[in-house]
file run37.tsv (TSV, C-alpha atoms)
chain	number	residue	atom	x	y	z
Y	1	MET	CA	-95.35	-57.77	-42.11
Y	2	VAL	CA	-94.96	-57.54	-38.33
Y	3	GLY	CA	-97.69	-59.26	-36.35
Y	4	GLU	CA	-98.42	-58.84	-32.67
Y	5	ILE	CA	-95.20	-57.76	-30.94
Y	6	ASP	CA	-94.72	-58.62	-27.28
Y	7	ARG	CA	-95.18	-55.10	-25.95
Y	8	GLU	CA	-94.01	-55.94	-22.46
Y	9	LEU	CA	-90.65	-57.12	-23.77
Y	10	LEU	CA	-90.40	-54.12	-26.07
Y	11	ASP	CA	-91.08	-51.87	-23.08
Y	12	ARG	CA	-88.12	-53.54	-21.38
Y	13	ALA	CA	-85.82	-52.68	-24.27
Y	14	PHE	CA	-86.66	-48.99	-23.95
Y	15	GLN	CA	-86.58	-49.09	-20.15
Y	16	VAL	CA	-83.04	-50.51	-20.17
Y	17	VAL	CA	-81.90	-47.49	-22.16
Y	18	ALA	CA	-83.86	-44.98	-20.08
Y	19	ASP	CA	-82.40	-46.51	-16.91
Y	20	GLY	CA	-78.90	-46.13	-18.32
Y	21	VAL	CA	-79.45	-42.42	-18.82
Y	22	GLY	CA	-81.16	-42.15	-15.44
Y	23	ASP	CA	-78.23	-43.63	-13.52
Y	24	GLY	CA	-75.61	-41.69	-15.48
Y	25	SER	CA	-74.14	-44.67	-17.35
Y	26	LEU	CA	-75.29	-43.01	-20.58
Y	27	ASP	CA	-75.22	-39.28	-21.23
Y	28	THR	CA	-77.97	-39.32	-23.86
Y	29	ALA	CA	-79.48	-42.08	-25.96
Y	30	VAL	CA	-81.87	-42.65	-28.84
Y	31	LEU	CA	-83.40	-46.06	-29.40
Y	32	ALA	CA	-85.48	-46.91	-32.47
Y	33	VAL	CA	-86.87	-50.22	-33.71
Y	34	ALA	CA	-88.60	-50.92	-37.00
Y	35	SER	CA	-89.82	-53.65	-39.31
Y	36	ARG	CA	-89.11	-53.64	-43.03
Y	37	ASP	CA	-92.24	-51.56	-43.64
Y	38	ARG	CA	-92.69	-49.24	-40.68
Y	39	LEU	CA	-91.17	-47.61	-37.64
Y	40	ILE	CA	-92.48	-49.43	-34.58
Y	41	ARG	CA	-91.17	-47.18	-31.80
Y	42	ALA	CA	-88.52	-44.52	-31.20
Y	43	GLU	CA	-87.63	-42.66	-28.02
Y	44	ALA	CA	-84.96	-40.20	-26.91
Y	45	SER	CA	-83.58	-40.21	-23.35
Y	46	GLY	CA	-81.66	-37.39	-21.68
Y	47	ASN	CA	-80.94	-33.97	-23.13
Y	48	THR	CA	-81.56	-34.95	-26.73
Y	49	SER	CA	-84.34	-35.52	-29.25
Y	50	LEU	CA	-85.12	-37.87	-32.11
Y	51	ASP	CA	-83.89	-35.43	-34.76
Y	52	ARG	CA	-80.44	-34.90	-33.20
Y	53	LEU	CA	-77.32	-35.83	-35.15
Y	54	TYR	CA	-74.89	-38.37	-33.65
Y	55	LEU	CA	-71.37	-39.29	-34.71
Y	56	LEU	CA	-71.81	-42.89	-35.88
Y	57	ALA	CA	-68.14	-43.87	-35.63
Y	58	SER	CA	-67.76	-47.37	-37.11
Y	59	VAL	CA	-71.46	-47.76	-37.86
Y	60	THR	CA	-70.22	-45.78	-40.88
Y	61	LYS	CA	-68.61	-48.95	-42.24
Y	62	PRO	CA	-71.65	-50.78	-43.67
Y	63	VAL	CA	-72.91	-47.52	-45.20
Y	64	PHE	CA	-69.55	-46.85	-46.87
Y	65	CYS	CA	-69.13	-50.48	-47.96
Y	66	SER	CA	-72.51	-50.30	-49.68
Y	67	SER	CA	-70.99	-47.69	-51.99
Y	68	VAL	CA	-67.99	-49.95	-52.63
Y	69	MET	CA	-70.35	-52.75	-53.57
Y	70	ARG	CA	-72.01	-50.48	-56.12
Y	71	LEU	CA	-68.63	-50.44	-57.88
Y	72	VAL	CA	-68.84	-54.23	-58.01
Y	73	GLU	CA	-72.42	-54.16	-59.31
Y	74	GLU	CA	-71.46	-51.68	-62.02
Y	75	GLY	CA	-68.54	-53.80	-63.19
Y	76	ARG	CA	-66.01	-51.14	-62.20
Y	77	ALA	CA	-64.32	-53.47	-59.69
Y	78	ARG	CA	-64.31	-57.11	-58.67
Y	79	LEU	CA	-64.01	-58.47	-55.15
Y	80	ASN	CA	-60.94	-60.48	-56.12
Y	81	ASP	CA	-59.28	-57.61	-57.98
Y	82	PRO	CA	-55.79	-56.88	-56.67
Y	83	VAL	CA	-55.70	-53.38	-55.24
Y	84	SER	CA	-52.70	-52.76	-57.51
Y	85	ARG	CA	-55.14	-52.69	-60.44
Y	86	PHE	CA	-56.09	-49.23	-59.19
Y	87	ILE	CA	-53.27	-48.09	-56.88
Y	88	PRO	CA	-49.61	-48.37	-57.96
Y	89	GLU	CA	-48.37	-48.34	-54.34
Y	90	PHE	CA	-49.70	-51.90	-54.02
Y	91	ALA	CA	-47.92	-53.34	-57.05
Y	92	ALA	CA	-44.74	-54.59	-55.37
Y	93	GLY	CA	-43.85	-56.90	-52.51
Y	94	PRO	CA	-46.35	-58.57	-50.16
Y	95	LYS	CA	-48.95	-55.85	-50.82
Y	96	ALA	CA	-49.37	-57.12	-54.39
Y	97	ALA	CA	-51.52	-59.95	-52.98
Y	98	VAL	CA	-54.02	-57.58	-51.30
Y	99	THR	CA	-57.45	-57.64	-52.96
Y	100	LEU	CA	-60.60	-55.59	-52.53
Y	101	TRP	CA	-62.10	-58.55	-50.63
Y	102	HIS	CA	-59.24	-58.39	-48.14
Y	103	LEU	CA	-59.93	-54.69	-47.54
Y	104	LEU	CA	-63.66	-55.31	-47.00
Y	105	THR	CA	-63.08	-58.18	-44.55
Y	106	HIS	CA	-60.21	-56.75	-42.44
Y	107	THR	CA	-57.91	-59.51	-43.68
Y	108	SER	CA	-55.51	-57.34	-45.72
Y	109	GLY	CA	-52.79	-57.26	-43.07
Y	110	LEU	CA	-52.29	-53.52	-43.53
Y	111	ASP	CA	-50.64	-51.80	-40.56
Y	112	GLU	CA	-52.78	-48.80	-39.59
Y	113	SER	CA	-50.43	-47.32	-36.96
Y	114	ALA	CA	-49.08	-44.61	-39.29
Y	115	MET	CA	-52.62	-43.62	-40.28
Y	116	ALA	CA	-53.63	-43.38	-36.62
Y	117	GLN	CA	-50.60	-41.18	-35.94
Y	118	ALA	CA	-51.51	-38.94	-38.87
Y	119	MET	CA	-55.01	-38.51	-37.48
Y	120	ARG	CA	-53.53	-37.41	-34.17
Y	121	ASP	CA	-50.90	-35.05	-35.55
Y	122	GLY	CA	-51.52	-34.41	-39.24
Y	123	THR	CA	-54.11	-33.76	-41.90
Y	124	ALA	CA	-56.56	-35.83	-43.89
Y	125	ASN	CA	-54.07	-35.97	-46.76
Y	126	ASP	CA	-51.42	-37.29	-44.35
Y	127	ALA	CA	-53.82	-40.03	-43.20
Y	128	ILE	CA	-54.61	-41.01	-46.79
Y	129	LEU	CA	-50.93	-41.21	-47.76
Y	130	ALA	CA	-50.12	-43.19	-44.61
Y	131	SER	CA	-52.86	-45.69	-45.52
Y	132	LEU	CA	-51.72	-46.07	-49.12
Y	133	ASN	CA	-48.11	-46.57	-48.03
Y	134	ALA	CA	-48.83	-48.87	-45.07
Y	135	PRO	CA	-46.84	-52.13	-44.92
Y	136	VAL	CA	-48.55	-55.48	-44.38
Y	137	MET	CA	-48.14	-57.35	-41.08
Y	138	PHE	CA	-49.12	-60.82	-42.33
Y	139	ARG	CA	-49.97	-62.68	-45.50
Y	140	PRO	CA	-53.26	-61.25	-46.82
Y	141	GLY	CA	-56.15	-63.56	-46.05
Y	142	SER	CA	-54.34	-65.54	-43.37
Y	143	HIS	CA	-55.65	-63.56	-40.39
Y	144	TYR	CA	-58.32	-61.03	-39.41
Y	145	SER	CA	-57.10	-57.75	-37.94
Y	146	TYR	CA	-59.50	-54.81	-37.71
Y	147	CYS	CA	-58.11	-52.06	-39.92
Y	148	ASN	CA	-59.45	-48.55	-40.48
Y	149	ALA	CA	-56.65	-47.72	-42.93
Y	150	SER	CA	-58.14	-50.12	-45.46
Y	151	TYR	CA	-61.11	-47.76	-45.79
Y	152	TYR	CA	-58.96	-44.89	-47.02
Y	153	VAL	CA	-57.56	-47.33	-49.58
Y	154	MET	CA	-61.09	-48.20	-50.71
Y	155	ALA	CA	-61.92	-44.48	-50.86
Y	156	GLU	CA	-59.00	-44.03	-53.24
Y	157	ILE	CA	-60.28	-46.93	-55.37
Y	158	ILE	CA	-63.65	-45.15	-55.58
Y	159	ARG	CA	-61.94	-41.94	-56.67
Y	160	LEU	CA	-59.88	-43.63	-59.34
Y	161	ALA	CA	-62.74	-45.80	-60.63
Y	162	THR	CA	-65.41	-43.08	-60.75
Y	163	GLY	CA	-63.65	-39.72	-60.80
Y	164	GLN	CA	-65.62	-38.76	-57.67
Y	165	ASP	CA	-64.35	-38.43	-54.12
Y	166	HIS	CA	-65.84	-40.97	-51.73
Y	167	ALA	CA	-68.09	-38.44	-49.97
Y	168	THR	CA	-69.71	-37.44	-53.27
Y	169	TYR	CA	-70.04	-41.03	-54.46
Y	170	ILE	CA	-71.61	-42.33	-51.25
Y	171	GLY	CA	-74.03	-39.42	-51.42
Y	172	ASN	CA	-75.01	-40.27	-54.97
Y	173	VAL	CA	-75.38	-44.05	-54.70
Y	174	VAL	CA	-76.43	-44.61	-51.07
Y	175	LEU	CA	-77.60	-41.54	-49.19
Y	176	ALA	CA	-79.70	-39.88	-51.89
Y	177	PRO	CA	-81.46	-43.05	-53.11
Y	178	LEU	CA	-82.40	-43.96	-49.53
Y	179	GLY	CA	-83.48	-40.44	-48.56
Y	180	MET	CA	-80.79	-40.21	-45.85
Y	181	ARG	CA	-80.84	-36.42	-45.96
Y	182	ASP	CA	-79.29	-35.88	-42.54
Y	183	THR	CA	-76.30	-38.18	-43.04
Y	184	GLY	CA	-72.85	-36.87	-43.98
Y	185	TYR	CA	-69.22	-36.46	-42.96
Y	186	ALA	CA	-70.04	-33.22	-41.15
Y	187	PRO	CA	-73.22	-32.40	-39.23
Y	188	ARG	CA	-75.83	-31.02	-41.59
Y	189	ASP	CA	-76.88	-28.61	-38.84
Y	190	ALA	CA	-74.30	-27.87	-36.14
Y	191	ASP	CA	-77.02	-26.94	-33.64
Y	192	ARG	CA	-78.48	-30.45	-33.92
Y	193	ALA	CA	-75.15	-32.25	-33.42
Y	194	VAL	CA	-74.82	-34.00	-30.07
Y	195	PRO	CA	-71.43	-33.27	-28.41
Y	196	VAL	CA	-69.09	-36.25	-28.23
Y	197	LEU	CA	-67.95	-36.70	-24.64
Y	198	ASP	CA	-64.36	-37.79	-23.96
Y	199	MET	CA	-63.54	-37.07	-27.61
Y	200	LEU	CA	-59.90	-37.46	-28.54
Y	201	GLY	CA	-58.23	-34.07	-28.34
Y	202	ASN	CA	-61.01	-32.78	-26.05
Y	203	ASP	CA	-63.09	-31.67	-29.05
Y	204	PRO	CA	-66.77	-32.35	-28.21
Y	205	SER	CA	-67.88	-30.89	-31.54
Y	206	ALA	CA	-65.58	-33.43	-33.26
Y	207	ALA	CA	-64.75	-30.70	-35.78
Y	208	ARG	CA	-61.17	-31.85	-36.33
Y	209	PHE	CA	-62.24	-35.50	-36.52
Y	210	SER	CA	-64.88	-34.61	-39.09
Y	211	SER	CA	-62.28	-32.81	-41.22
Y	212	PHE	CA	-60.75	-36.21	-42.02
Y	213	ARG	CA	-63.98	-37.45	-43.67
Y	214	LEU	CA	-62.99	-40.84	-42.34
Y	215	PRO	CA	-64.65	-43.50	-44.52
Y	216	ALA	CA	-64.23	-46.01	-41.68
Y	217	GLY	CA	-66.02	-43.97	-39.05
Y	218	GLY	CA	-66.78	-40.34	-39.87
Y	219	LEU	CA	-70.48	-40.18	-40.72
Y	220	TRP	CA	-73.01	-38.23	-38.64
Y	221	SER	CA	-76.63	-39.33	-38.81
Y	222	THR	CA	-80.02	-39.64	-37.14
Y	223	ALA	CA	-81.98	-42.65	-35.99
Y	224	ALA	CA	-84.49	-42.07	-38.79
Y	225	ASP	CA	-81.81	-42.22	-41.48
Y	226	LEU	CA	-80.31	-45.41	-40.05
Y	227	ILE	CA	-83.76	-46.98	-39.92
Y	228	ARG	CA	-84.11	-46.26	-43.65
Y	229	PHE	CA	-80.75	-47.87	-44.30
Y	230	GLY	CA	-81.59	-50.96	-42.26
Y	231	GLN	CA	-85.01	-51.33	-43.86
Y	232	ALA	CA	-83.41	-51.35	-47.31
Y	233	PHE	CA	-81.32	-54.35	-46.23
Y	234	LEU	CA	-84.37	-56.13	-44.82
Y	235	LYS	CA	-86.06	-55.55	-48.18
Y	236	ARG	CA	-83.06	-57.02	-50.04
Y	237	GLY	CA	-81.89	-53.69	-51.42
Y	238	ALA	CA	-85.26	-52.14	-52.24
Y	239	ASN	CA	-86.46	-48.73	-51.09
Y	240	ASP	CA	-89.23	-46.26	-51.87
Y	241	ASN	CA	-87.31	-45.00	-54.91
Y	242	GLY	CA	-86.73	-48.42	-56.42
Y	243	ARG	CA	-83.54	-50.30	-55.51
Y	244	PHE	CA	-80.17	-49.15	-54.24
Y	245	LEU	CA	-78.45	-52.56	-54.24
Y	246	ALA	CA	-79.35	-55.86	-55.87
Y	247	PRO	CA	-80.58	-58.80	-53.75
Y	248	ALA	CA	-77.46	-60.78	-54.67
Y	249	THR	CA	-75.31	-57.93	-53.34
Y	250	ILE	CA	-77.22	-57.79	-50.07
Y	251	LYS	CA	-76.80	-61.55	-49.63
Y	252	THR	CA	-73.07	-61.37	-50.32
Y	253	MET	CA	-72.51	-58.45	-47.94
Y	254	THR	CA	-74.43	-60.01	-45.05
Y	255	SER	CA	-73.01	-63.54	-45.30
Y	256	LEU	CA	-70.17	-64.68	-43.06
Y	257	HIS	CA	-66.89	-64.32	-44.98
Y	258	THR	CA	-64.21	-64.85	-42.34
Y	259	GLY	CA	-65.25	-68.23	-40.95
Y	260	GLY	CA	-62.09	-70.21	-40.23
Y	261	ILE	CA	-59.84	-67.13	-40.40
Y	262	PRO	CA	-58.34	-66.45	-36.96
Y	263	LYS	CA	-58.42	-63.00	-35.45
Y	264	LEU	CA	-55.09	-61.63	-34.25
Y	265	SER	CA	-55.24	-60.27	-30.71
Y	266	ALA	CA	-52.86	-59.28	-27.96
Y	267	ASN	CA	-54.60	-62.01	-25.95
Y	268	GLY	CA	-54.07	-64.69	-28.57
Y	269	GLU	CA	-56.01	-65.92	-31.60
Y	270	PHE	CA	-59.79	-66.12	-31.68
Y	271	PRO	CA	-62.46	-66.94	-34.30
Y	272	SER	CA	-63.46	-63.94	-36.39
Y	273	GLY	CA	-66.96	-63.01	-37.56
Y	274	TYR	CA	-67.30	-60.55	-40.41
Y	275	GLY	CA	-69.14	-60.14	-43.69
Y	276	LEU	CA	-68.46	-57.30	-46.13
Y	277	GLY	CA	-68.75	-54.20	-43.96
Y	278	TRP	CA	-70.93	-56.03	-41.41
Y	279	GLU	CA	-70.17	-57.78	-38.15
Y	280	LYS	CA	-71.70	-61.25	-37.83
Y	281	PRO	CA	-72.74	-63.15	-34.66
Y	282	ASN	CA	-69.61	-64.87	-33.37
Y	283	PRO	CA	-69.94	-66.83	-30.13
Y	284	GLY	CA	-66.22	-67.65	-30.03
Y	285	GLY	CA	-64.93	-64.17	-30.79
Y	286	GLU	CA	-63.01	-61.92	-28.46
Y	287	ALA	CA	-64.25	-58.47	-29.52
Y	288	ALA	CA	-66.98	-59.38	-32.00
Y	289	PRO	CA	-70.56	-59.09	-30.77
Y	290	SER	CA	-71.59	-61.78	-28.32
Y	291	ILE	CA	-74.14	-63.98	-30.00
Y	292	GLU	CA	-76.72	-63.33	-27.23
Y	293	LEU	CA	-80.14	-63.71	-28.96
Y	294	THR	CA	-78.92	-62.86	-32.44
Y	295	THR	CA	-79.26	-65.38	-35.28
Y	296	PRO	CA	-76.85	-66.56	-37.99
Y	297	SER	CA	-78.61	-64.31	-40.51
Y	298	GLY	CA	-78.19	-61.27	-38.25
Y	299	HIS	CA	-75.71	-58.55	-39.11
Y	300	GLY	CA	-74.78	-55.17	-37.69
Y	301	HIS	CA	-72.02	-52.88	-36.52
Y	302	GLY	CA	-71.06	-50.97	-33.42
Y	303	GLY	CA	-69.11	-47.75	-33.12
Y	304	ALA	CA	-66.58	-46.16	-30.75
Y	305	THR	CA	-69.15	-43.57	-29.66
Y	306	GLY	CA	-71.36	-46.36	-28.25
Y	307	THR	CA	-73.58	-46.60	-31.33
Y	308	LEU	CA	-75.10	-49.83	-32.63
Y	309	LEU	CA	-77.05	-50.77	-35.75
Y	310	TRP	CA	-78.31	-54.36	-35.89
Y	311	ILE	CA	-80.58	-56.10	-38.39
Y	312	GLU	CA	-82.34	-59.43	-37.78
Y	313	PRO	CA	-84.00	-60.68	-40.99
Y	314	ASP	CA	-85.47	-63.75	-39.27
Y	315	VAL	CA	-87.67	-61.58	-37.02
Y	316	ASP	CA	-88.02	-58.55	-39.34
Y	317	LEU	CA	-86.16	-56.18	-37.00
Y	318	VAL	CA	-84.03	-53.07	-37.50
Y	319	PHE	CA	-82.48	-51.90	-34.22
Y	320	VAL	CA	-80.79	-48.50	-33.90
Y	321	PHE	CA	-79.05	-47.25	-30.75
Y	322	LEU	CA	-77.28	-43.89	-30.64
Y	323	THR	CA	-75.30	-42.35	-27.82
Y	324	ASN	CA	-72.38	-39.96	-27.48
Y	325	ARG	CA	-69.39	-40.98	-25.37
Y	326	TRP	CA	-66.11	-41.90	-27.07
Y	327	GLY	CA	-64.90	-45.35	-26.05
Y	328	HIS	CA	-68.28	-46.20	-24.54
Y	329	SER	CA	-68.80	-49.91	-23.97
Y	330	SER	CA	-71.79	-50.16	-21.63
Y	331	PRO	CA	-74.04	-53.22	-21.88
Y	332	HIS	CA	-77.21	-51.18	-22.42
Y	333	ALA	CA	-77.32	-51.49	-26.21
Y	334	ARG	CA	-76.80	-55.26	-26.20
Y	335	SER	CA	-79.32	-55.76	-23.39
Y	336	ALA	CA	-81.89	-53.66	-25.23
Y	337	LEU	CA	-81.18	-55.60	-28.42
Y	338	ASN	CA	-81.88	-58.90	-26.65
Y	339	ALA	CA	-85.22	-57.58	-25.42
Y	340	ALA	CA	-86.12	-56.23	-28.87
Y	341	ILE	CA	-85.28	-59.52	-30.61
Y	342	ALA	CA	-87.36	-61.40	-28.07
Y	343	ALA	CA	-90.26	-58.97	-28.54
Y	344	PHE	CA	-90.18	-59.26	-32.33
Y	345	SER	CA	-89.63	-63.03	-32.34
Y	346	ALA	CA	-93.01	-63.45	-30.64
Y	347	THR	CA	-94.53	-62.61	-34.04
Y	348	THR	CA	-92.78	-65.52	-35.75
Y	349	ALA	CA	-93.30	-68.21	-33.12
call {"tool": "encode", "arguments": {"input": "run37.tsv", "output": "structure tokens"}}
result
Amino acid sequence: MVGEIDRELLDRAFQVVADGVGDGSLDTAVLAVASRDRLIRAEASGNTSLDRLYLLASVTKPVFCSSVMRLVEEGRARLNDPVSRFIPEFAAGPKAAVTLWHLLTHTSGLDESAMAQAMRDGTANDAILASLNAPVMFRPGSHYSYCNASYYVMAEIIRLATGQDHATYIGNVVLAPLGMRDTGYAPRDADRAVPVLDMLGNDPSAARFSSFRLPAGGLWSTAADLIRFGQAFLKRGANDNGRFLAPATIKTMTSLHTGGIPKLSANGEFPSGYGLGWEKPNPGGEAAPSIELTTPSGHGHGGATGTLLWIEPDVDLVFVFLTNRWGHSSPHARSALNAAIAAFSATTA
């Protein structure tokens, strides 16, 4: 249970966000913080409201990966299974070494350039085929290289293992059990969807982007739904309806998996920090979250629309930040997270 939170520091977290909207750095923003048992505070800034739907971008990843881990729990797949067990395209050459673990940790080596091109010029089916047929750039497991194409591959594994498309499966095993009624690959209510500024293709409704049902970054959601998701992780997989993942699964997903595996970058090689679908604090990383006030047990994910979900088990905190500009990289979310962690840590001192 949360004790006495430092309200002055918590006020600072929300003021940082409000100031960002006030000076034009942010178009709109929603900030929400919660403990494992209750919502502590939520506020909307700018022309928005708490029930508006935001494109999560890569905050989709831990939600989607939770559905992949249900396959593991059910014995339908193993983390060290070669992908070729499910997908014939991976049976020959260097791709034969790619496992499900490699896909979950961005260490598969798959080249996503053809998939990215298909998303610019083609259809969802083109993007799927480009992902399945992608060559590998390095020996699987030898390097970390962030790869959205691996998520289409995992979506195909879900389809072959369950007979359900990934959108249906994630709805059945993650969204429905957690009561995430507003979360999906298209806005549940178009009138509540917040336009995405600077969207690729000048499409603020993101209608074409949504048509791809991108398992790496296509979910729309609300702050309330993400709070539910984060609280289930704080409670080691439990929720009001029972349990959506086992405690052992939660521990495996949120542990550091890529320690010692270098990240490939145009600027050189850097330490990587990733779990299974979750970013981990990584003080030496180039693009991973700065460690700031986060702890080794912390885990979260950011998105290309400026979104951030972060969970700090040590201080019983779920932090949700939503905004709506493609390619946004302002410091407001990280600054607000520092203030929120400090406010919550006062209860554990």
call {"tool": "closest_atom_pairs", "arguments": {"input": "run37.tsv", "of": "segment 48-105 of chain Y", "to": "segment 198-220 of chain Y", "cutoff": "7 Å", "atoms": "only C-alpha atoms", "output": "CSV"}}
result
residue,atom,partner,partner_atom,distance
Y:Leu53,CA,Y:Trp220,CA,6.0
Y:Tyr54,CA,Y:Trp220,CA,5.3
Y:Leu55,CA,Y:Trp220,CA,4.4
Y:Leu56,CA,Y:Trp220,CA,5.5
Y:Ala57,CA,Y:Gly217,CA,4.0
Y:Ser58,CA,Y:Gly217,CA,4.3
Y:Val59,CA,Y:Gly217,CA,6.7
Y:Thr60,CA,Y:Gly217,CA,4.9
Y:Lys61,CA,Y:Ala216,CA,5.3
Y:Phe64,CA,Y:Pro215,CA,6.4
call {"tool": "write_last_selection", "arguments": {"input": "run37.tsv", "atoms": "C-alpha atoms", "output": "mmCIF file, in the frame of the given file"}}
result
data_model
loop_
_atom_site.group_PDB
_atom_site.id
_atom_site.type_symbol
_atom_site.label_atom_id
_atom_site.label_comp_id
_atom_site.auth_asym_id
_atom_site.auth_seq_id
_atom_site.Cartn_x
_atom_site.Cartn_y
_atom_site.Cartn_z
ATOM 1 C CA LEU Y 53 -77.320 -35.830 -35.150
ATOM 2 C CA TYR Y 54 -74.890 -38.370 -33.650
ATOM 3 C CA LEU Y 55 -71.370 -39.290 -34.710
ATOM 4 C CA LEU Y 56 -71.810 -42.890 -35.880
ATOM 5 C CA ALA Y 57 -68.140 -43.870 -35.630
ATOM 6 C CA SER Y 58 -67.760 -47.370 -37.110
ATOM 7 C CA VAL Y 59 -71.460 -47.760 -37.860
ATOM 8 C CA THR Y 60 -70.220 -45.780 -40.880
ATOM 9 C CA LYS Y 61 -68.610 -48.950 -42.240
ATOM 10 C CA PHE Y 64 -69.550 -46.850 -46.870
#
call {"tool": "closest_residue", "arguments": {"input": "run37.tsv", "among": "Y:Ser113, Y:Asn125, Y:Thr295, Y:Asn172", "to": "Ala149 of chain Y", "atoms": "only C-alpha atoms"}}
result
Y:Ser113
call {"tool": "residues_around", "arguments": {"input": "run37.tsv", "residues": "Leu276 of chain Y", "least_positions_apart": "4", "cutoff": "12 Å", "atoms": "all atoms listed in the file", "output": "count of residues only"}}
result
32
call {"tool": "axis_aligned_box", "arguments": {"input": "run37.tsv", "around": "segment 243-255 of chain Y", "padding_each_side": "4 Å", "output": "AutoDock Vina command-line options"}}
result
--center_x -78.0 --center_y -56.3 --center_z -50.5 --size_x 19.0 --size_y 22.4 --size_z 18.8
call {"tool": "closest_residue", "arguments": {"input": "run37.tsv", "among": "Y:Arg192, Y:Ala223, Y:Pro135, Y:Arg243", "to": "Ala44 of chain Y", "atoms": "only C-alpha atoms"}}
result
Y:Ala223
call {"tool": "residues_near_point", "arguments": {"input": "run37.tsv", "point": "(-54.9, -69.0, -43.9)", "cutoff": "7 Å", "atoms": "only C-alpha atoms", "output": "PyMOL selection string"}}
result
chain Y and resi 141-143+261
call {"tool": "residues_around", "arguments": {"input": "run37.tsv", "residues": "Ala97 of chain Y", "least_positions_apart": "6", "cutoff": "9 Å", "atoms": "only C-alpha atoms", "output": "ChimeraX atom specification"}}
result
/Y:82-84,90-91,108,139-140
call {"tool": "closest_residue", "arguments": {"input": "run37.tsv", "among": "Y:Ala116, Y:Val320, Y:Ile87, Y:Leu110", "to": "Ala134 of chain Y", "atoms": "all atoms listed in the file"}}
result
Y:Leu110
call {"tool": "closest_residue", "arguments": {"input": "run37.tsv", "among": "Y:Ser131, Y:Thr294, Y:Thr123, Y:Ser145", "to": "Ser345 of chain Y", "atoms": "all atoms listed in the file"}}
result
Y:Thr294
call {"tool": "closest_residue", "arguments": {"input": "run37.tsv", "among": "Y:Ser35, Y:Asn80, Y:Asn282, Y:Asn47", "to": "Ala18 of chain Y", "atoms": "only C-alpha atoms"}}
result
Y:Asn47
call {"tool": "atom_distance", "arguments": {"input": "run37.tsv", "atom1": "atom CA of Ala92 of chain Y", "atom2": "atom CA of Ala77 of chain Y"}}
result
20.1 Å
call {"tool": "closest_residue", "arguments": {"input": "run37.tsv", "among": "Y:Leu26, Y:Asp37, Y:Gly230, Y:Tyr185", "to": "Gly327 of chain Y", "atoms": "all atoms listed in the file"}}
result
Y:Leu26
call {"tool": "atom_distance", "arguments": {"input": "run37.tsv", "atom1": "atom CA of Phe321 of chain Y", "atom2": "atom CA of Ala167 of chain Y"}}
result
23.8 Å
call {"tool": "residues_around", "arguments": {"input": "run37.tsv", "residues": "Gly109 of chain Y", "least_positions_apart": "3", "cutoff": "6 Å", "atoms": "only C-alpha atoms", "output": "MDAnalysis selection string"}}
result
chainID Y and resid 136:138 140
call {"tool": "build_atoms", "arguments": {"input": "run37.tsv", "residues": "segment 247-258 of chain Y", "atoms": "N, CA and C atoms", "output": "PDB file, in the coordinates of the input"}}
result
ATOM      1  N   PRO Y 247     -80.464 -57.757 -54.778  1.00  0.00           N
ATOM      2  CA  PRO Y 247     -80.580 -58.800 -53.750  1.00  0.00           C
ATOM      3  C   PRO Y 247     -79.321 -59.654 -53.618  1.00  0.00           C
ATOM      4  N   ALA Y 248     -78.679 -59.967 -54.730  1.00  0.00           N
ATOM      5  CA  ALA Y 248     -77.460 -60.780 -54.670  1.00  0.00           C
ATOM      6  C   ALA Y 248     -76.363 -60.049 -53.900  1.00  0.00           C
ATOM      7  N   THR Y 249     -76.312 -58.732 -54.042  1.00  0.00           N
ATOM      8  CA  THR Y 249     -75.310 -57.930 -53.340  1.00  0.00           C
ATOM      9  C   THR Y 249     -75.584 -57.934 -51.847  1.00  0.00           C
ATOM     10  N   ILE Y 250     -76.850 -57.767 -51.482  1.00  0.00           N
ATOM     11  CA  ILE Y 250     -77.220 -57.790 -50.070  1.00  0.00           C
ATOM     12  C   ILE Y 250     -76.832 -59.132 -49.449  1.00  0.00           C
ATOM     13  N   LYS Y 251     -77.132 -60.219 -50.152  1.00  0.00           N
ATOM     14  CA  LYS Y 251     -76.800 -61.550 -49.630  1.00  0.00           C
ATOM     15  C   LYS Y 251     -75.300 -61.707 -49.440  1.00  0.00           C
ATOM     16  N   THR Y 252     -74.530 -61.247 -50.412  1.00  0.00           N
ATOM     17  CA  THR Y 252     -73.070 -61.370 -50.320  1.00  0.00           C
ATOM     18  C   THR Y 252     -72.521 -60.537 -49.165  1.00  0.00           C
ATOM     19  N   MET Y 253     -73.013 -59.329 -49.005  1.00  0.00           N
ATOM     20  CA  MET Y 253     -72.510 -58.450 -47.940  1.00  0.00           C
ATOM     21  C   MET Y 253     -72.810 -59.008 -46.556  1.00  0.00           C
ATOM     22  N   THR Y 254     -73.972 -59.624 -46.385  1.00  0.00           N
ATOM     23  CA  THR Y 254     -74.430 -60.010 -45.050  1.00  0.00           C
ATOM     24  C   THR Y 254     -74.118 -61.459 -44.698  1.00  0.00           C
ATOM     25  N   SER Y 255     -73.449 -62.171 -45.590  1.00  0.00           N
ATOM     26  CA  SER Y 255     -73.010 -63.540 -45.300  1.00  0.00           C
ATOM     27  C   SER Y 255     -71.691 -63.509 -44.527  1.00  0.00           C
ATOM     28  N   LEU Y 256     -71.437 -64.552 -43.761  1.00  0.00           N
ATOM     29  CA  LEU Y 256     -70.170 -64.680 -43.060  1.00  0.00           C
ATOM     30  C   LEU Y 256     -69.054 -64.963 -44.064  1.00  0.00           C
ATOM     31  N   HIS Y 257     -68.012 -64.148 -44.061  1.00  0.00           N
ATOM     32  CA  HIS Y 257     -66.890 -64.320 -44.980  1.00  0.00           C
ATOM     33  C   HIS Y 257     -65.617 -64.791 -44.295  1.00  0.00           C
ATOM     34  N   THR Y 258     -65.498 -64.580 -42.991  1.00  0.00           N
ATOM     35  CA  THR Y 258     -64.210 -64.850 -42.340  1.00  0.00           C
ATOM     36  C   THR Y 258     -64.232 -66.116 -41.482  1.00  0.00           C
TER      37      THR Y 258
END
